[in-house]
Amino acid sequence: MQRRSVIRSLATSGAAAGGLVAASSFPKPAIAQQTYEWRMVTTWPKNFPGLGTGAELLAQMIGQMSDGRLQITVYGGGEIVPPFESMDAVESGTVEMGHGAPYYWKGKVNASQFLAAIPFGMNAQEMNAWYQYGGGQELADKVYAEMGAKFFPSGNTGVQMGGWFNKEMNSMADYDGLKMRIPGLGGEVVKAAGGNVVNLPGGEIPPALQSGAIDATEWVGPYNDLAFGLYKSARYYYYPGWHEPGTVLENFINLDAWNSLTPDLQAIVEQANRSVNQVVLSEFTARNNDSLNKLVNEHNVELRAFPDEVLAGLGGLAGEVMNDLASTDPLSREVMDSMLQFRQTATAWSEVSEEAFSHARGLDYQYATPTQG
């Protein structure tokens with residue numbers, strides 16, 4: 001009897017174990033995961049080089065990295081709302097996401113314009129360093145929370161050009177009465193110099209310059225300016241872009257929509273923006289070289305450097321203008337002070353690194369040359 005009980009017990013145990021093994025060999029049932037279909041409005045023309053394409057790349061990367069769980073359709077400026085109403089659309093929840101430049105929203109929150117670039121401020125790498133290690137991201141989130149949005153740096157133009165002019169800029173007096181399209185803090189400086197500043201979205205610049213509605217404009221740099229054909233309507237191309245030495249582009253997301261995402265999707269959006277931030281800057285750096293060559297050698301553009309007298313005058317005005325604007329509210333002061341403090345240390349390091357190297361590279365010596373094909 002005892003022998004039969006043991007056999008029966010072993011048989012039962014074996015069947016149970018076999019059942020467990022068999023069960024473990026079957027695939028586990030898929031767990032349903034929520035998917036999101038978002039819309040992104042931009043301030044840029046659809047697929048415009050570097051800017052519009054940067055927004056498209058961001059949407060593509062988020063879709064791929066999330067395995068389709070977060071899909072974003074991109075709309076160019078004017079397709080859903082006018083370019084400068086993009087933030088309104090995101091803030092209201094009409095769409096979930098936008099792409100533009102922070103200085104476009106200075107009418108909503110004064111401090112936002114500092115987040116794009118400050119005249120005679122920091123270059124692209126220094127701006128990235130401030131956002132990542134100088135408290136810039138936290139301050140930007142504080143600013144954008146007032147517009148019901150989450151902020152991410154999402155591209156950088158690098159040092160821009162000074163702009164297109166139909167007259168020579170030999171002194172500060174040449175700004176008197178000048179009708180110029182120039183946004184952000186740079187526009188406030190030109191206004192203080194006596195200019196009449198016009199704020200236009202990118203797509204409206206070429207016809208305004210061609211018609212004479214404006215006398216001068218800045219846009220970005222050779223790559224974008226060539227694509228817009230600005231050389232057709234202006235004779236002189238000035239440098240450097242004192243007003244925007246490293247302009248931050250942005251991805252802004254409705255806060256409720258952002259908070260609805262799972263932590264892993266939030267991490268994907270963050271990392272996609274970091275990647276696009278670098279890719280866009282690299283594209284501008286690579287494309288500007290050949291584009292400037294085409295403008296000068298194929299389209300006979302007259303490349304001019306701003307005289308030191310003009311740059312010094314603009315620099316002095318920039319300090320006055322920024323201080324006045326920052327004094328209007330505590331948040332602007334907080335953002336500007338943080339940027340200026342970081343700029344001091346960045347400038348000190350640049351003197352013995354980037355600036356010293358640029359001087360060394362420009363010395364007169366025999367150097368290797370590429371093999372001509």
# chains A, B, ... in the order shown; residues from 1 in each chain; ligands from 1
call {"tool": "residues_around", "arguments": {"residues": "Asp337 of chain A", "least_positions_apart": "6", "cutoff": "12 Å", "atoms": "only C-alpha atoms", "output": "PyMOL selection string"}}
result
chain A and resi 111+114-115+118+134-136+139+322-323+326-327+330-331+343-344
call {"tool": "write_last_selection", "arguments": {"atoms": "N, CA and C atoms", "output": "mmCIF file, in the first residue's frame"}}
result
data_model
loop_
_atom_site.group_PDB
_atom_site.id
_atom_site.type_symbol
_atom_site.label_atom_id
_atom_site.label_comp_id
_atom_site.auth_asym_id
_atom_site.auth_seq_id
_atom_site.Cartn_x
_atom_site.Cartn_y
_atom_site.Cartn_z
ATOM 1 N N ALA A 111 10.823 86.560 -20.563
ATOM 2 C CA ALA A 111 12.079 85.831 -20.354
ATOM 3 C C ALA A 111 12.403 84.859 -21.474
ATOM 4 N N PHE A 114 15.405 85.460 -24.011
ATOM 5 C CA PHE A 114 16.779 85.230 -23.584
ATOM 6 C C PHE A 114 17.211 83.791 -23.859
ATOM 7 N N LEU A 115 16.270 82.874 -23.867
ATOM 8 C CA LEU A 115 16.583 81.456 -24.020
ATOM 9 C C LEU A 115 17.050 81.094 -25.423
ATOM 10 N N ILE A 118 21.534 85.554 -26.698
ATOM 11 C CA ILE A 118 21.703 86.943 -26.288
ATOM 12 C C ILE A 118 22.805 87.557 -27.144
ATOM 13 N N GLY A 134 24.500 74.197 -16.612
ATOM 14 C CA GLY A 134 24.464 75.504 -15.972
ATOM 15 C C GLY A 134 23.101 75.908 -15.444
ATOM 16 N N GLY A 135 22.174 74.970 -15.407
ATOM 17 C CA GLY A 135 20.841 75.276 -14.903
ATOM 18 C C GLY A 135 19.882 75.804 -15.944
ATOM 19 N N GLY A 136 20.299 75.823 -17.203
ATOM 20 C CA GLY A 136 19.454 76.372 -18.257
ATOM 21 C C GLY A 136 18.176 75.595 -18.491
ATOM 22 N N LEU A 139 15.627 76.431 -15.794
ATOM 23 C CA LEU A 139 15.075 77.775 -15.976
ATOM 24 C C LEU A 139 14.121 77.822 -17.165
ATOM 25 N N MET A 322 19.417 94.797 -22.740
ATOM 26 C CA MET A 322 19.149 93.586 -21.969
ATOM 27 C C MET A 322 18.895 93.902 -20.501
ATOM 28 N N ASN A 323 19.667 94.835 -19.965
ATOM 29 C CA ASN A 323 19.482 95.194 -18.562
ATOM 30 C C ASN A 323 18.096 95.813 -18.338
ATOM 31 N N ALA A 326 15.492 92.975 -18.615
ATOM 32 C CA ALA A 326 15.542 92.066 -17.473
ATOM 33 C C ALA A 326 14.986 92.706 -16.213
ATOM 34 N N SER A 327 14.988 94.021 -16.195
ATOM 35 C CA SER A 327 14.487 94.730 -15.013
ATOM 36 C C SER A 327 12.966 94.776 -14.950
ATOM 37 N N PRO A 330 11.120 89.605 -12.517
ATOM 38 C CA PRO A 330 12.131 88.794 -11.826
ATOM 39 C C PRO A 330 12.601 87.583 -12.623
ATOM 40 N N LEU A 331 11.709 86.955 -13.383
ATOM 41 C CA LEU A 331 12.093 85.752 -14.128
ATOM 42 C C LEU A 331 13.104 86.090 -15.224
ATOM 43 N N ARG A 343 28.458 82.819 -19.104
ATOM 44 C CA ARG A 343 29.232 83.430 -20.188
ATOM 45 C C ARG A 343 30.605 83.867 -19.703
ATOM 46 N N GLN A 344 30.702 84.369 -18.484
ATOM 47 C CA GLN A 344 31.993 84.814 -17.954
ATOM 48 C C GLN A 344 32.998 83.673 -17.903
#
call {"tool": "closest_atom_pairs", "arguments": {"of": "segment 30-107 of chain A", "to": "segment 281-288 of chain A", "cutoff": "10 Å", "atoms": "only C-alpha atoms", "output": "Markdown table"}}
result
| residue | atom | partner | partner_atom | distance |
| --- | --- | --- | --- | --- |
| A:Pro49 | CA | A:Phe284 | CA | 9.1 |
| A:Gly50 | CA | A:Phe284 | CA | 6.8 |
| A:Leu51 | CA | A:Phe284 | CA | 9.7 |
| A:Gly54 | CA | A:Glu283 | CA | 9.7 |
call {"tool": "write_last_selection", "arguments": {"atoms": "C-alpha atoms", "output": "PDB file, in the first residue's frame"}}
result
ATOM      1  CA  PRO A  49      16.472  72.982 -44.895  1.00  0.00           C
ATOM      2  CA  GLY A  50      17.861  72.560 -41.394  1.00  0.00           C
ATOM      3  CA  LEU A  51      14.823  74.022 -39.628  1.00  0.00           C
ATOM      4  CA  GLY A  54      14.985  69.207 -38.139  1.00  0.00           C
TER       5      GLY A  54
END
call {"tool": "atom_distance", "arguments": {"atom1": "atom CA of Ile214 of chain A", "atom2": "atom CA of Leu230 of chain A"}}
result
12.3 Å
call {"tool": "residues_around", "arguments": {"residues": "segment 234-241 of chain A", "least_positions_apart": "2", "cutoff": "7 Å", "atoms": "only C-alpha atoms", "output": "MDAnalysis selection string"}}
result
chainID A and resid 159:167 230:232 243:245 301:306
call {"tool": "closest_residue", "arguments": {"among": "A:Phe48, A:Arg333, A:Asp174, A:Leu292", "to": "Ala227 of chain A", "atoms": "only C-alpha atoms"}}
result
A:Phe48
call {"tool": "select_by_dssp", "arguments": {"residues": "segment 252-339 of chain A", "states": "strand (DSSP E or B)", "output": "PyMOL selection string"}}
result
chain A and resi 252-254+302-305
call {"tool": "write_last_selection", "arguments": {"atoms": "C-alpha atoms", "output": "PDB file, in the first residue's frame"}}
result
ATOM      1  CA  PHE A 252       7.707  72.651 -26.898  1.00  0.00           C
ATOM      2  CA  ILE A 253       5.037  70.236 -25.672  1.00  0.00           C
ATOM      3  CA  ASN A 254       1.663  70.833 -24.051  1.00  0.00           C
ATOM      4  CA  GLU A 302      29.451  91.288 -51.674  1.00  0.00           C
ATOM      5  CA  LEU A 303      30.649  89.841 -48.387  1.00  0.00           C
ATOM      6  CA  ARG A 304      31.363  92.528 -45.806  1.00  0.00           C
ATOM      7  CA  ALA A 305      32.532  92.558 -42.190  1.00  0.00           C
TER       8      ALA A 305
END
call {"tool": "atom_distance", "arguments": {"atom1": "atom CA of Arg274 of chain A", "atom2": "atom CA of Met87 of chain A"}}
result
21.0 Å
call {"tool": "atom_distance", "arguments": {"atom1": "atom CA of Asp290 of chain A", "atom2": "atom CA of Gly246 of chain A"}}
result
19.8 Å
call {"tool": "residues_around", "arguments": {"residues": "Met65 of chain A", "least_positions_apart": "4", "cutoff": "9 Å", "atoms": "only C-alpha atoms", "output": "PyMOL selection string"}}
result
chain A and resi 60-61+69-70+265+268-269+272
call {"tool": "write_last_selection", "arguments": {"atoms": "C-alpha atoms", "output": "JSON list (two decimals), in the first residue's frame"}}
result
[["chain", "number", "residue", "atom", "x", "y", "z"],
["A", 60, "GLN", "CA", 10.80, 60.36, -37.24],
["A", 61, "MET", "CA", 13.24, 59.50, -34.46],
["A", 69, "ARG", "CA", 3.88, 53.99, -29.71],
["A", 70, "LEU", "CA", 4.27, 57.77, -30.15],
["A", 265, "LEU", "CA", 8.26, 57.63, -23.67],
["A", 268, "ILE", "CA", 12.63, 58.78, -25.62],
["A", 269, "VAL", "CA", 11.42, 62.31, -26.39],
["A", 272, "ALA", "CA", 15.53, 62.29, -29.47]]
call {"tool": "select_by_dssp", "arguments": {"residues": "segment 298-338 of chain A", "states": "alpha helix (DSSP H)", "output": "list in words"}}
result
Asp308, Glu309, Val310, Leu311, Ala312, Gly313, Leu314, Gly315, Gly316, Leu317, Ala318, Gly319, Glu320, Val321, Met322, Asn323, Asp324, Leu325, Ala326, Pro330, Leu331, Ser332, Arg333, Glu334, Val335, Met336, Asp337 and Ser338 of chain A
call {"tool": "write_last_selection", "arguments": {"atoms": "C-alpha atoms", "output": "PDB file, in the first residue's frame"}}
result
ATOM      1  CA  ASP A 308      34.715  97.393 -35.256  1.00  0.00           C
ATOM      2  CA  GLU A 309      33.117 100.770 -34.559  1.00  0.00           C
ATOM      3  CA  VAL A 310      29.696  99.383 -35.412  1.00  0.00           C
ATOM      4  CA  LEU A 311      30.202  96.168 -33.426  1.00  0.00           C
ATOM      5  CA  ALA A 312      31.383  98.101 -30.364  1.00  0.00           C
ATOM      6  CA  GLY A 313      28.398 100.442 -30.630  1.00  0.00           C
ATOM      7  CA  LEU A 314      25.968  97.548 -30.927  1.00  0.00           C
ATOM      8  CA  GLY A 315      27.653  95.749 -28.030  1.00  0.00           C
ATOM      9  CA  GLY A 316      27.216  98.748 -25.753  1.00  0.00           C
ATOM     10  CA  LEU A 317      23.573  99.092 -26.721  1.00  0.00           C
ATOM     11  CA  ALA A 318      23.029  95.374 -26.179  1.00  0.00           C
ATOM     12  CA  GLY A 319      24.096  95.662 -22.563  1.00  0.00           C
ATOM     13  CA  GLU A 320      21.729  98.569 -21.949  1.00  0.00           C
ATOM     14  CA  VAL A 321      18.790  96.934 -23.723  1.00  0.00           C
ATOM     15  CA  MET A 322      19.149  93.586 -21.969  1.00  0.00           C
ATOM     16  CA  ASN A 323      19.482  95.194 -18.562  1.00  0.00           C
ATOM     17  CA  ASP A 324      16.347  97.264 -19.159  1.00  0.00           C
ATOM     18  CA  LEU A 325      14.349  94.244 -20.343  1.00  0.00           C
ATOM     19  CA  ALA A 326      15.542  92.066 -17.473  1.00  0.00           C
ATOM     20  CA  PRO A 330      12.131  88.794 -11.826  1.00  0.00           C
ATOM     21  CA  LEU A 331      12.093  85.752 -14.128  1.00  0.00           C
ATOM     22  CA  SER A 332      13.859  87.611 -16.951  1.00  0.00           C
ATOM     23  CA  ARG A 333      16.453  88.845 -14.483  1.00  0.00           C
ATOM     24  CA  GLU A 334      16.982  85.315 -13.160  1.00  0.00           C
ATOM     25  CA  VAL A 335      17.483  83.880 -16.642  1.00  0.00           C
ATOM     26  CA  MET A 336      19.775  86.669 -17.844  1.00  0.00           C
ATOM     27  CA  ASP A 337      21.930  86.641 -14.717  1.00  0.00           C
ATOM     28  CA  SER A 338      22.409  82.883 -15.035  1.00  0.00           C
TER      29      SER A 338
END
call {"tool": "residues_around", "arguments": {"residues": "Gly155 of chain A", "least_positions_apart": "2", "cutoff": "7 Å", "atoms": "only C-alpha atoms", "output": "list of chain:residue names"}}
result
A:Pro153, A:Thr157, A:Val248, A:Leu249, A:Glu250, A:Val276, A:Asn277, A:Gln278, A:Val280, A:Leu281
call {"tool": "decode", "arguments": {"residues": "segment 257-328 of chain A", "atoms": "C-alpha atoms", "output": "short mmCIF file (atom, residue, chain, number, x, y, z; two decimals), in the first residue's frame"}}
result
data_model
loop_
_atom_site.label_atom_id
_atom_site.label_comp_id
_atom_site.auth_asym_id
_atom_site.auth_seq_id
_atom_site.Cartn_x
_atom_site.Cartn_y
_atom_site.Cartn_z
CA ALA A 257 0.15 65.91 -23.04
CA TRP A 258 3.71 65.62 -21.72
CA ASN A 259 2.51 64.42 -18.31
CA SER A 260 0.29 61.83 -19.97
CA LEU A 261 3.31 60.01 -21.40
CA THR A 262 4.82 57.04 -19.62
CA PRO A 263 8.32 57.56 -18.20
CA ASP A 264 9.95 55.54 -20.97
CA LEU A 265 8.26 57.63 -23.67
CA GLN A 266 9.31 60.82 -21.90
CA ALA A 267 12.89 59.53 -21.89
CA ILE A 268 12.63 58.78 -25.62
CA VAL A 269 11.42 62.31 -26.39
CA GLU A 270 14.24 63.78 -24.32
CA GLN A 271 16.95 61.70 -25.99
CA ALA A 272 15.53 62.29 -29.47
CA ASN A 273 15.71 66.03 -28.89
CA ARG A 274 19.31 65.76 -27.69
CA SER A 275 20.21 63.86 -30.82
CA VAL A 276 18.42 66.27 -33.16
CA ASN A 277 20.00 69.20 -31.33
CA GLN A 278 23.44 67.93 -32.36
CA VAL A 279 22.48 66.76 -35.85
CA VAL A 280 20.98 70.11 -36.84
CA LEU A 281 24.05 72.04 -35.65
CA SER A 282 26.31 69.65 -37.56
CA GLU A 283 24.25 70.09 -40.72
CA PHE A 284 24.46 73.88 -40.55
CA THR A 285 28.22 73.70 -40.01
CA ALA A 286 28.68 71.36 -42.96
CA ARG A 287 26.32 73.12 -45.40
CA ASN A 288 27.29 76.72 -44.67
CA ASN A 289 30.77 76.23 -46.15
CA ASP A 290 29.69 75.37 -49.68
CA SER A 291 26.69 77.71 -49.57
CA LEU A 292 28.82 80.75 -48.77
CA ASN A 293 31.13 79.85 -51.63
CA LYS A 294 28.16 79.72 -54.02
CA LEU A 295 26.78 83.04 -52.82
CA VAL A 296 30.08 84.82 -53.34
CA ASN A 297 31.43 83.10 -56.45
CA GLU A 298 28.26 82.20 -58.35
CA HIS A 299 25.84 84.95 -57.30
CA ASN A 300 28.35 87.78 -56.87
CA VAL A 301 27.29 88.62 -53.33
CA GLU A 302 29.45 91.29 -51.67
CA LEU A 303 30.65 89.84 -48.39
CA ARG A 304 31.36 92.53 -45.81
CA ALA A 305 32.53 92.56 -42.19
CA PHE A 306 30.89 94.97 -39.78
CA PRO A 307 33.42 97.65 -38.83
CA ASP A 308 34.71 97.39 -35.26
CA GLU A 309 33.12 100.77 -34.56
CA VAL A 310 29.70 99.38 -35.41
CA LEU A 311 30.20 96.17 -33.43
CA ALA A 312 31.38 98.10 -30.36
CA GLY A 313 28.40 100.44 -30.63
CA LEU A 314 25.97 97.55 -30.93
CA GLY A 315 27.65 95.75 -28.03
CA GLY A 316 27.22 98.75 -25.75
CA LEU A 317 23.57 99.09 -26.72
CA ALA A 318 23.03 95.37 -26.18
CA GLY A 319 24.10 95.66 -22.56
CA GLU A 320 21.73 98.57 -21.95
CA VAL A 321 18.79 96.93 -23.72
CA MET A 322 19.15 93.59 -21.97
CA ASN A 323 19.48 95.19 -18.56
CA ASP A 324 16.35 97.26 -19.16
CA LEU A 325 14.35 94.24 -20.34
CA ALA A 326 15.54 92.07 -17.47
CA SER A 327 14.49 94.73 -15.01
CA THR A 328 10.85 94.43 -16.05
#
